[in-house]
$ cat upload_15.txt   # compact mmCIF, C-alpha atoms and all ligand atoms
# COMPACT_ATOMS: atom_id res chain seq x y z
CA MET A 1 100.09 66.27 71.44
CA LYS A 2 97.69 69.09 72.34
CA ALA A 3 96.03 70.92 69.45
CA LEU A 4 93.32 73.54 68.99
CA VAL A 5 90.77 71.62 66.94
CA LYS A 6 87.56 72.48 65.11
CA TYR A 7 86.02 69.10 65.90
CA ALA A 8 82.62 69.44 64.20
CA SER A 9 80.86 71.77 61.75
CA GLY A 10 78.74 74.64 62.91
CA GLN A 11 79.09 77.59 65.26
CA GLY A 12 81.75 77.00 67.96
CA ASN A 13 82.90 73.38 68.28
CA VAL A 14 86.52 74.41 68.87
CA ASP A 15 88.66 73.26 71.78
CA VAL A 16 92.07 71.95 72.81
CA ARG A 17 92.19 68.20 72.24
CA ASP A 18 94.76 65.42 72.26
CA VAL A 19 95.66 64.41 68.70
CA GLU A 20 98.13 61.98 67.11
CA GLU A 21 101.58 63.42 66.45
CA PRO A 22 102.04 63.50 62.64
CA VAL A 23 104.58 61.17 61.02
CA CYS A 24 107.15 62.63 58.60
CA ALA A 25 106.96 60.83 55.24
CA GLU A 26 109.85 60.41 52.80
CA ASN A 27 109.00 63.61 50.90
CA GLN A 28 107.98 65.74 53.90
CA VAL A 29 109.43 68.11 56.47
CA LYS A 30 108.43 67.94 60.12
CA ILE A 31 108.47 71.21 62.03
CA GLU A 32 108.17 71.97 65.72
CA VAL A 33 105.97 75.04 65.93
CA ALA A 34 107.44 77.89 67.99
CA PHE A 35 104.63 80.42 67.58
CA CYS A 36 101.37 80.58 65.64
CA GLY A 37 99.46 83.85 65.29
CA ILE A 38 95.71 84.26 65.68
CA CYS A 39 94.16 85.55 62.44
CA GLY A 40 90.68 86.81 61.59
CA THR A 41 90.26 83.59 59.61
CA ASP A 42 90.65 81.49 62.79
CA ILE A 43 87.87 83.52 64.41
CA HIS A 44 85.73 82.99 61.29
CA VAL A 45 86.37 79.24 61.51
CA LEU A 46 85.31 79.33 65.17
CA HIS A 47 82.03 81.02 64.19
CA ASP A 48 81.73 78.91 61.02
CA THR A 49 81.72 81.98 58.75
CA PHE A 50 84.75 80.68 56.79
CA ARG A 51 84.70 77.33 55.02
CA ASN A 52 86.32 74.58 57.08
CA TYR A 53 86.66 70.82 57.03
CA PRO A 54 86.45 69.37 60.56
CA PRO A 55 88.04 67.70 62.32
CA VAL A 56 90.88 70.12 61.59
CA ILE A 57 93.60 71.84 63.64
CA LEU A 58 93.34 75.64 63.38
CA GLY A 59 96.19 78.11 62.77
CA HIS A 60 98.13 79.05 59.64
CA GLU A 61 100.47 81.93 60.62
CA PHE A 62 103.48 80.21 62.12
CA ALA A 63 107.19 79.68 62.38
CA GLY A 64 109.30 77.04 64.04
CA ARG A 65 112.27 74.70 63.67
CA VAL A 66 112.71 71.70 61.42
CA VAL A 67 113.02 68.57 63.56
CA GLU A 68 113.00 65.86 60.90
CA VAL A 69 113.18 65.58 57.12
CA GLY A 70 112.23 62.74 54.81
CA ARG A 71 114.96 60.81 52.98
CA SER A 72 114.51 62.73 49.72
CA ILE A 73 114.71 66.23 51.28
CA THR A 74 117.84 68.32 50.71
CA ARG A 75 116.50 71.90 50.83
CA VAL A 76 116.24 72.12 54.62
CA ALA A 77 117.77 70.27 57.53
CA PRO A 78 116.91 69.65 61.19
CA GLY A 79 117.57 72.77 63.26
CA ASP A 80 116.67 75.25 60.48
CA ALA A 81 114.40 78.11 61.54
CA VAL A 82 111.55 78.25 59.05
CA THR A 83 108.15 79.66 58.23
CA VAL A 84 105.57 77.93 56.06
CA LEU A 85 103.31 78.86 53.16
CA GLY A 86 100.31 76.93 54.46
CA ALA A 87 97.84 78.13 51.83
CA THR A 88 99.21 75.75 49.17
CA ALA A 89 98.68 72.63 51.28
CA VAL A 90 96.20 71.28 48.70
CA THR A 91 95.87 72.65 45.15
CA CYS A 92 95.05 70.92 41.87
CA GLY A 93 98.30 72.02 40.19
CA GLN A 94 96.53 71.79 36.82
CA CYS A 95 94.20 74.78 36.46
CA ALA A 96 95.17 78.07 34.81
CA TYR A 97 95.56 79.75 38.23
CA CYS A 98 97.82 77.05 39.66
CA ARG A 99 99.95 77.04 36.50
CA SER A 100 100.32 80.85 36.48
CA GLY A 101 101.28 81.02 40.16
CA TYR A 102 97.93 82.31 41.41
CA PHE A 103 97.23 79.06 43.24
CA ILE A 104 95.19 81.04 45.78
CA LEU A 105 92.35 81.18 43.22
CA CYS A 106 92.36 77.41 42.54
CA SER A 107 88.87 76.06 43.18
CA ASN A 108 90.30 72.87 44.68
CA ARG A 109 92.57 74.66 47.14
CA ARG A 110 92.60 73.83 50.82
CA GLY A 111 94.88 75.75 53.15
CA MET A 112 96.35 74.80 56.52
CA GLY A 113 94.25 75.68 59.55
CA HIS A 114 90.84 75.16 57.93
CA GLY A 115 91.22 72.81 54.93
CA VAL A 116 93.95 70.60 56.40
CA ASN A 117 95.58 70.47 59.84
CA GLY A 118 97.22 73.74 60.91
CA ALA A 119 99.72 74.90 63.48
CA PHE A 120 97.96 75.57 66.79
CA THR A 121 99.82 72.52 68.06
CA ARG A 122 103.42 71.31 68.54
CA TYR A 123 104.25 69.49 65.27
CA VAL A 124 103.24 69.88 61.63
CA VAL A 125 104.39 68.05 58.51
CA VAL A 126 104.49 69.90 55.17
CA ARG A 127 105.96 69.60 51.65
CA PRO A 128 109.45 71.07 51.22
CA ASP A 129 108.24 73.67 48.69
CA GLN A 130 106.05 75.20 51.41
CA VAL A 131 109.03 75.83 53.68
CA TYR A 132 110.96 79.14 53.74
CA ARG A 133 114.17 79.45 55.72
CA ILE A 134 114.17 82.52 57.98
CA PRO A 135 117.15 84.85 57.45
CA ALA A 136 119.70 85.06 60.28
CA GLY A 137 118.82 87.72 62.82
CA PHE A 138 115.10 87.42 62.22
CA ALA A 139 113.28 86.08 65.29
CA LEU A 140 110.90 83.12 65.16
CA GLU A 141 108.13 85.21 66.71
CA GLU A 142 108.50 87.87 64.00
CA ALA A 143 108.56 85.19 61.35
CA ALA A 144 105.22 83.91 62.67
CA LEU A 145 103.80 87.06 61.04
CA SER A 146 105.07 86.03 57.60
CA GLU A 147 101.70 84.91 56.26
CA PRO A 148 99.81 88.18 56.86
CA PHE A 149 102.91 90.17 55.91
CA ALA A 150 103.08 88.34 52.57
CA ALA A 151 99.51 89.53 51.88
CA ALA A 152 100.68 93.10 52.61
CA VAL A 153 103.69 92.65 50.31
CA GLN A 154 101.42 91.63 47.44
CA ALA A 155 98.92 94.44 48.13
CA VAL A 156 101.53 97.19 48.42
CA THR A 157 104.42 96.24 46.18
CA GLU A 158 102.77 94.06 43.53
CA VAL A 159 99.17 95.24 43.18
CA THR A 160 99.20 98.93 44.17
CA ASN A 161 101.37 101.06 41.95
CA VAL A 162 102.70 103.57 44.47
CA ARG A 163 106.20 104.90 45.00
CA ILE A 164 108.10 107.65 46.73
CA GLY A 165 106.65 111.07 45.90
CA ALA A 166 103.10 109.72 46.01
CA THR A 167 100.64 109.98 48.89
CA ALA A 168 98.79 106.86 50.02
CA LEU A 169 95.84 106.31 52.33
CA ILE A 170 95.47 103.23 54.52
CA SER A 171 91.96 102.97 55.88
CA GLY A 172 91.80 100.60 58.84
CA PRO A 173 94.74 100.40 61.30
CA GLY A 174 94.37 96.70 62.14
CA PRO A 175 97.25 94.24 61.65
CA MET A 176 96.87 94.23 57.84
CA GLY A 177 96.74 98.03 57.61
CA LEU A 178 99.80 98.39 59.83
CA LEU A 179 101.73 95.74 57.89
CA CYS A 180 100.96 97.70 54.70
CA LEU A 181 102.10 100.88 56.46
CA LYS A 182 105.44 99.27 57.33
CA LEU A 183 106.10 98.65 53.64
CA LEU A 184 104.93 102.08 52.49
CA ALA A 185 107.03 103.76 55.19
CA ALA A 186 110.07 101.67 54.20
CA GLU A 187 109.55 102.72 50.57
CA GLY A 188 109.34 106.39 51.61
CA VAL A 189 105.73 106.87 50.54
CA LYS A 190 103.87 109.60 52.43
CA THR A 191 101.02 107.71 54.12
CA ILE A 192 97.81 108.83 55.84
CA VAL A 193 96.21 106.25 58.16
CA ALA A 194 92.50 106.47 59.01
CA GLY A 195 90.54 104.73 61.76
CA THR A 196 87.59 105.19 64.09
CA ALA A 197 87.24 106.00 67.80
CA GLY A 198 88.10 102.49 69.02
CA ASP A 199 91.33 102.67 67.01
CA ASP A 200 93.05 105.43 69.02
CA THR A 201 95.85 103.19 70.32
CA ARG A 202 96.38 101.71 66.87
CA LEU A 203 96.45 105.15 65.26
CA GLU A 204 99.04 106.33 67.77
CA PHE A 205 101.03 103.23 66.93
CA ALA A 206 100.72 104.03 63.21
CA ARG A 207 102.10 107.51 63.86
CA ARG A 208 105.14 106.04 65.62
CA MET A 209 105.59 103.60 62.73
CA GLY A 210 105.95 106.42 60.25
CA ALA A 211 102.47 107.54 59.17
CA ALA A 212 102.63 111.17 57.99
CA ARG A 213 99.18 111.77 59.42
CA VAL A 214 96.63 109.75 61.37
CA VAL A 215 92.91 110.55 61.26
CA ASN A 216 90.18 109.45 63.64
CA ILE A 217 87.23 109.82 61.26
CA GLN A 218 84.85 110.39 64.17
CA GLU A 219 86.80 113.49 65.16
CA GLN A 220 87.77 114.82 61.77
CA LYS A 221 86.47 114.47 58.22
CA LEU A 222 88.87 112.24 56.34
CA ILE A 223 88.47 114.24 53.14
CA ASP A 224 89.57 117.46 54.91
CA ALA A 225 92.72 115.79 56.24
CA VAL A 226 93.43 114.30 52.80
CA ARG A 227 93.05 117.70 51.12
CA GLU A 228 95.38 119.29 53.66
CA GLU A 229 98.03 116.62 53.12
CA THR A 230 97.82 116.60 49.32
CA GLY A 231 97.37 120.29 48.52
CA GLY A 232 93.72 119.64 47.65
CA LYS A 233 94.50 116.94 45.04
CA GLY A 234 93.50 113.74 46.80
CA VAL A 235 95.61 110.64 47.42
CA ASP A 236 97.28 108.70 44.61
CA ALA A 237 96.46 105.31 46.13
CA ALA A 238 94.09 104.01 48.78
CA LEU A 239 94.26 100.62 50.49
CA GLU A 240 91.00 99.56 52.12
CA CYS A 241 92.02 97.46 55.13
CA ALA A 242 88.92 97.73 57.36
CA GLY A 243 86.21 95.95 55.38
CA HIS A 244 83.65 98.53 56.47
CA PRO A 245 81.31 100.54 54.19
CA ASP A 246 82.40 103.89 55.69
CA SER A 247 86.00 102.96 55.02
CA VAL A 248 85.28 101.97 51.41
CA ARG A 249 83.42 105.25 50.88
CA GLY A 250 86.24 107.22 52.53
CA CYS A 251 88.81 105.65 50.20
CA LEU A 252 86.76 106.33 47.06
CA GLU A 253 86.25 109.95 48.12
CA ALA A 254 89.89 110.49 49.11
CA LEU A 255 91.36 109.37 45.78
CA ARG A 256 92.47 111.85 43.14
CA PRO A 257 91.28 111.41 39.53
CA MET A 258 93.12 108.44 37.93
CA GLY A 259 93.96 107.19 41.43
CA ARG A 260 94.23 103.55 42.41
CA TYR A 261 91.99 101.75 44.90
CA THR A 262 93.07 98.41 46.37
CA GLN A 263 90.65 96.23 48.32
CA VAL A 264 92.68 94.39 50.96
CA ALA A 265 90.01 93.58 53.58
CA ILE A 266 86.98 91.32 53.21
CA CYS A 267 83.66 93.03 54.01
CA GLY A 268 81.82 89.74 54.45
CA HIS A 269 78.49 91.04 53.19
CA GLU A 270 77.02 93.35 50.55
CA ILE A 271 77.57 97.05 51.08
CA THR A 272 76.36 100.29 49.49
CA VAL A 273 79.11 102.47 48.02
CA PRO A 274 79.21 105.66 45.88
CA ILE A 275 80.30 103.75 42.79
CA ASP A 276 80.19 106.83 40.51
CA HIS A 277 83.56 107.92 41.91
CA ILE A 278 85.03 105.09 39.82
CA ILE A 279 83.72 106.46 36.53
CA LEU A 280 83.78 110.18 37.32
CA LYS A 281 87.40 110.05 38.54
CA GLN A 282 88.38 107.20 36.23
CA LEU A 283 89.75 105.20 39.14
CA THR A 284 91.47 101.85 38.90
CA VAL A 285 89.89 99.47 41.41
CA VAL A 286 91.68 96.22 42.17
CA GLY A 287 91.58 93.48 44.77
CA SER A 288 94.56 91.82 46.41
CA MET A 289 93.93 88.31 47.67
CA CYS A 290 96.79 86.78 49.66
CA TYR A 291 100.00 86.22 47.61
CA THR A 292 101.91 83.97 45.26
CA ALA A 293 105.01 81.90 46.04
CA GLN A 294 107.00 84.66 44.31
CA THR A 295 105.60 87.11 46.87
CA TRP A 296 107.04 84.88 49.59
CA ASP A 297 110.43 84.91 47.86
CA ARG A 298 110.31 88.71 47.77
CA MET A 299 109.26 88.79 51.43
CA MET A 300 112.30 86.70 52.39
CA GLU A 301 114.52 89.24 50.61
CA ILE A 302 112.77 92.04 52.53
CA PHE A 303 113.45 90.18 55.79
CA ALA A 304 117.08 89.57 54.81
CA GLN A 305 117.63 93.25 53.97
CA GLY A 306 116.47 94.11 57.49
CA LYS A 307 114.55 97.30 56.66
CA VAL A 308 111.22 95.96 57.92
CA ARG A 309 110.87 94.38 61.34
CA LEU A 310 107.61 92.94 62.64
CA GLY A 311 108.16 92.28 66.35
CA ASP A 312 106.45 95.49 67.50
CA LEU A 313 103.09 94.24 66.15
CA ILE A 314 103.06 91.34 68.63
CA SER A 315 100.97 92.34 71.63
CA VAL A 316 101.09 89.15 73.66
CA LYS A 317 102.23 85.52 73.58
CA LEU A 318 100.02 82.96 75.31
CA PRO A 319 100.14 79.19 75.82
CA LEU A 320 97.74 77.23 73.63
CA SER A 321 95.41 76.50 76.56
CA GLU A 322 94.68 80.25 76.82
CA TRP A 323 93.41 80.47 73.24
CA ARG A 324 90.03 81.89 74.29
CA THR A 325 91.74 84.86 75.93
CA GLY A 326 93.78 85.39 72.77
CA PHE A 327 90.76 85.18 70.46
CA ASP A 328 88.86 87.65 72.70
CA LEU A 329 91.75 90.14 72.67
CA CYS A 330 91.69 90.09 68.84
CA VAL A 331 87.90 90.38 68.57
CA LYS A 332 87.79 93.31 71.00
CA LYS A 333 90.72 95.00 69.19
CA GLU A 334 92.63 95.03 72.50
CA ALA A 335 95.64 93.45 70.83
CA LEU A 336 97.27 93.64 67.40
CA LYS A 337 98.79 90.21 66.92
CA VAL A 338 98.42 87.49 69.53
CA LEU A 339 100.72 84.49 69.25
CA LEU A 340 100.00 81.10 70.79
CA TYR A 341 102.77 78.64 71.63
CA PRO A 342 102.45 74.88 72.09
CA GLU A 343 102.41 73.22 75.48
ZN ZN A 401 95.90 84.77 58.36
ZN ZN A 402 94.34 74.65 40.54

$ encode --input "upload_15.txt" --output "structure tokens"
Amino acid sequence: MKALVKYASGQGNVDVRDVEEPVCAENQVKIEVAFCGICGTDIHVLHDTFRNYPPVILGHEFAGRVVEVGRSITRVAPGDAVTVLGATAVTCGQCAYCRSGYFILCSNRRGMGHGVNGAFTRYVVVRPDQVYRIPAGFALEEAALSEPFAAAVQAVTEVTNVRIGATALISGPGPMGLLCLKLLAAEGVKTIVAGTAGDDTRLEFARRMGAARVVNIQEQKLIDAVREETGGKGVDAALECAGHPDSVRGCLEALRPMGRYTQVAICGHEITVPIDHIILKQLTVVGSMCYTAQTWDRMMEIFAQGKVRLGDLISVKLPLSEWRTGFDLCVKKEALKVLLYPE
């Protein structure tokens, strides 16, 4: 079968190759991938700025149909539409983080798409506990956005204490920021979304998705817009989804005293920030890294209740052989989510 493979360490070294089709063991589930989304992590693996273990098939945001189950599997059956929690592919299961559900912080963890083979291909085999059945009426292409959406569910509903009546700021209207916006809008939280000049299309999209106000920070001072929207008080919560120093600064400035700051994006390098806002306004600053399995359970309930749909974030679907086009569209911010399908 064809697969997008990181075939050696270092910058680049990624291409479509022929690989062995995986065999479904007694305790495994074999899935035919329908769609797999391109994520920032895949681009980091391409450029070798995210740890990877070649040779490895890229891709971890996917959905598909079960085609075979091992003899001991009863949870799912061939034909089921499913999505997969790829991040738990390898964990130690013993450390304090694994035992408390925060497997993502396990030092022995290896996720699909960089640590073990991922889903930019036709078939994957996984453990049954990684498999989540997609509720009826939810499309496979939407479900391919489960993995990034789960990170938004943790950031918004589990880590950031914000509810209707509050005002939130999302800084950075990329896929993560917009997924967070979907949840905040569904919860009825008044939300301001900030971006820069290159984000105009994304900001317009955010407005249509329910943002109370969108701000291009190169045209208007974020703090002025925040004061207007909050009667001068500042926002109750800020989610930093851009990973840029200006965005971090904007969030710290926009928060009211006792407000809550959540770091959702990775900056990737050291940055200078006005840290005194934290003490002078007695802010709570927290990070949100991925999700737990419980977050995925909650996400499936959100899908089943039908209040959040994800299809509008998909800009384009391309065959695997056109992966370079897809990666470029993401890097140049010309697309939100790009899905690849096997061929
Ligand atoms: Zn991802
Ligand atoms: Zn562990």

$ residues_near_ligand --input "upload_15.txt" --ligand "ligand ZN 401 (chain A)" --cutoff "9 Å" --atoms "all atoms listed in the file" --output "PDB file with C-alpha atoms, in the frame of the given file"
ATOM      1  CA  GLY A  37      99.460  83.850  65.290  1.00  0.00           C
ATOM      2  CA  ILE A  38      95.710  84.260  65.680  1.00  0.00           C
ATOM      3  CA  CYS A  39      94.160  85.550  62.440  1.00  0.00           C
ATOM      4  CA  GLY A  40      90.680  86.810  61.590  1.00  0.00           C
ATOM      5  CA  THR A  41      90.260  83.590  59.610  1.00  0.00           C
ATOM      6  CA  ASP A  42      90.650  81.490  62.790  1.00  0.00           C
ATOM      7  CA  GLY A  59      96.190  78.110  62.770  1.00  0.00           C
ATOM      8  CA  HIS A  60      98.130  79.050  59.640  1.00  0.00           C
ATOM      9  CA  GLU A  61     100.470  81.930  60.620  1.00  0.00           C
ATOM     10  CA  LEU A 145     103.800  87.060  61.040  1.00  0.00           C
ATOM     11  CA  GLU A 147     101.700  84.910  56.260  1.00  0.00           C
ATOM     12  CA  PRO A 148      99.810  88.180  56.860  1.00  0.00           C
ATOM     13  CA  ALA A 151      99.510  89.530  51.880  1.00  0.00           C
ATOM     14  CA  CYS A 290      96.790  86.780  49.660  1.00  0.00           C
TER      15      CYS A 290
END

$ closest_atom_pairs --input "upload_15.txt" --of "chain A" --to "ligand ZN 402 (chain A)" --cutoff "12 Å" --atoms "only C-alpha atoms and all ligand atoms" --output "tab-separated table"
residue	atom	partner	partner_atom	distance
A:Thr88	CA	A:ZN402	ZN	10.0
A:Ala89	CA	A:ZN402	ZN	11.8
A:Val90	CA	A:ZN402	ZN	9.0
A:Thr91	CA	A:ZN402	ZN	5.3
A:Cys92	CA	A:ZN402	ZN	4.0
A:Gly93	CA	A:ZN402	ZN	4.8
A:Gln94	CA	A:ZN402	ZN	5.2
A:Cys95	CA	A:ZN402	ZN	4.1
A:Ala96	CA	A:ZN402	ZN	6.7
A:Tyr97	CA	A:ZN402	ZN	5.7
A:Cys98	CA	A:ZN402	ZN	4.3
A:Arg99	CA	A:ZN402	ZN	7.3
A:Ser100	CA	A:ZN402	ZN	9.5
A:Gly101	CA	A:ZN402	ZN	9.4
A:Tyr102	CA	A:ZN402	ZN	8.5
A:Phe103	CA	A:ZN402	ZN	5.9
A:Ile104	CA	A:ZN402	ZN	8.3
A:Leu105	CA	A:ZN402	ZN	7.3
A:Cys106	CA	A:ZN402	ZN	3.9
A:Ser107	CA	A:ZN402	ZN	6.2
A:Asn108	CA	A:ZN402	ZN	6.1
A:Arg109	CA	A:ZN402	ZN	6.8
A:Arg110	CA	A:ZN402	ZN	10.5

$ write_last_selection --input "upload_15.txt" --atoms "C-alpha atoms" --output "CSV table (one decimal), keeping the file's coordinate frame"
chain,number,residue,atom,x,y,z
A,88,THR,CA,99.2,75.8,49.2
A,89,ALA,CA,98.7,72.6,51.3
A,90,VAL,CA,96.2,71.3,48.7
A,91,THR,CA,95.9,72.6,45.2
A,92,CYS,CA,95.0,70.9,41.9
A,93,GLY,CA,98.3,72.0,40.2
A,94,GLN,CA,96.5,71.8,36.8
A,95,CYS,CA,94.2,74.8,36.5
A,96,ALA,CA,95.2,78.1,34.8
A,97,TYR,CA,95.6,79.8,38.2
A,98,CYS,CA,97.8,77.0,39.7
A,99,ARG,CA,100.0,77.0,36.5
A,100,SER,CA,100.3,80.8,36.5
A,101,GLY,CA,101.3,81.0,40.2
A,102,TYR,CA,97.9,82.3,41.4
A,103,PHE,CA,97.2,79.1,43.2
A,104,ILE,CA,95.2,81.0,45.8
A,105,LEU,CA,92.4,81.2,43.2
A,106,CYS,CA,92.4,77.4,42.5
A,107,SER,CA,88.9,76.1,43.2
A,108,ASN,CA,90.3,72.9,44.7
A,109,ARG,CA,92.6,74.7,47.1
A,110,ARG,CA,92.6,73.8,50.8

$ atom_distance --input "upload_15.txt" --atom1 "atom CA of Thr201 of chain A" --atom2 "atom CA of Asn216 of chain A"
10.8 Å

$ residues_around --input "upload_15.txt" --residues "His277 of chain A" --least-positions-apart "5" --cutoff "9 Å" --atoms "all atoms listed in the file" --output "MDAnalysis selection string"
chainID A and resid 252:253 255 257 282:283

$ atom_distance --input "upload_15.txt" --atom1 "atom CA of Asp200 of chain A" --atom2 "atom CA of Ala185 of chain A"
19.7 Å

$ closest_residue --input "upload_15.txt" --among "A:Pro55, A:Pro245, A:Gly326, A:Gly234" --to "Ile43 of chain A" --atoms "only C-alpha atoms"
A:Gly326

$ closest_residue --input "upload_15.txt" --among "A:Ser247, A:Gln220, A:Ser288, A:Thr262" --to "Pro274 of chain A" --atoms "only C-alpha atoms"
A:Ser247

$ atom_distance --input "upload_15.txt" --atom1 "atom CA of Ser315 of chain A" --atom2 "atom CA of Ala335 of chain A"
5.5 Å

$ closest_residue --input "upload_15.txt" --among "A:Gln218, A:Thr295, A:Gln130, A:Thr325" --to "Thr157 of chain A" --atoms "only C-alpha atoms"
A:Thr295

$ residues_around --input "upload_15.txt" --residues "segment 33-36 of chain A" --least-positions-apart "2" --cutoff "9 Å" --atoms "all atoms listed in the file" --output "PDB file with C-alpha atoms, in the frame of the given file"
ATOM      1  CA  ILE A  31     108.470  71.210  62.030  1.00  0.00           C
ATOM      2  CA  ILE A  38      95.710  84.260  65.680  1.00  0.00           C
ATOM      3  CA  GLY A  59      96.190  78.110  62.770  1.00  0.00           C
ATOM      4  CA  HIS A  60      98.130  79.050  59.640  1.00  0.00           C
ATOM      5  CA  GLU A  61     100.470  81.930  60.620  1.00  0.00           C
ATOM      6  CA  PHE A  62     103.480  80.210  62.120  1.00  0.00           C
ATOM      7  CA  ALA A  63     107.190  79.680  62.380  1.00  0.00           C
ATOM      8  CA  GLY A  64     109.300  77.040  64.040  1.00  0.00           C
ATOM      9  CA  ARG A  65     112.270  74.700  63.670  1.00  0.00           C
ATOM     10  CA  VAL A  66     112.710  71.700  61.420  1.00  0.00           C
ATOM     11  CA  ALA A 119      99.720  74.900  63.480  1.00  0.00           C
ATOM     12  CA  PHE A 120      97.960  75.570  66.790  1.00  0.00           C
ATOM     13  CA  THR A 121      99.820  72.520  68.060  1.00  0.00           C
ATOM     14  CA  ARG A 122     103.420  71.310  68.540  1.00  0.00           C
ATOM     15  CA  TYR A 123     104.250  69.490  65.270  1.00  0.00           C
ATOM     16  CA  VAL A 124     103.240  69.880  61.630  1.00  0.00           C
ATOM     17  CA  LEU A 140     110.900  83.120  65.160  1.00  0.00           C
ATOM     18  CA  GLU A 141     108.130  85.210  66.710  1.00  0.00           C
ATOM     19  CA  ALA A 143     108.560  85.190  61.350  1.00  0.00           C
ATOM     20  CA  ALA A 144     105.220  83.910  62.670  1.00  0.00           C
ATOM     21  CA  LEU A 145     103.800  87.060  61.040  1.00  0.00           C
ATOM     22  CA  LYS A 317     102.230  85.520  73.580  1.00  0.00           C
ATOM     23  CA  VAL A 338      98.420  87.490  69.530  1.00  0.00           C
ATOM     24  CA  LEU A 339     100.720  84.490  69.250  1.00  0.00           C
ATOM     25  CA  LEU A 340     100.000  81.100  70.790  1.00  0.00           C
ATOM     26  CA  TYR A 341     102.770  78.640  71.630  1.00  0.00           C
ATOM     27  CA  PRO A 342     102.450  74.880  72.090  1.00  0.00           C
TER      28      PRO A 342
END

$ closest_residue --input "upload_15.txt" --among "A:Lys281, A:Lys30, A:His244, A:Arg256" --to "Thr196 of chain A" --atoms "all atoms listed in the file"
A:His244

$ closest_residue --input "upload_15.txt" --among "A:Thr284, A:Thr230, A:Thr83, A:Asn117" --to "Met299 of chain A" --atoms "all atoms listed in the file"
A:Thr83
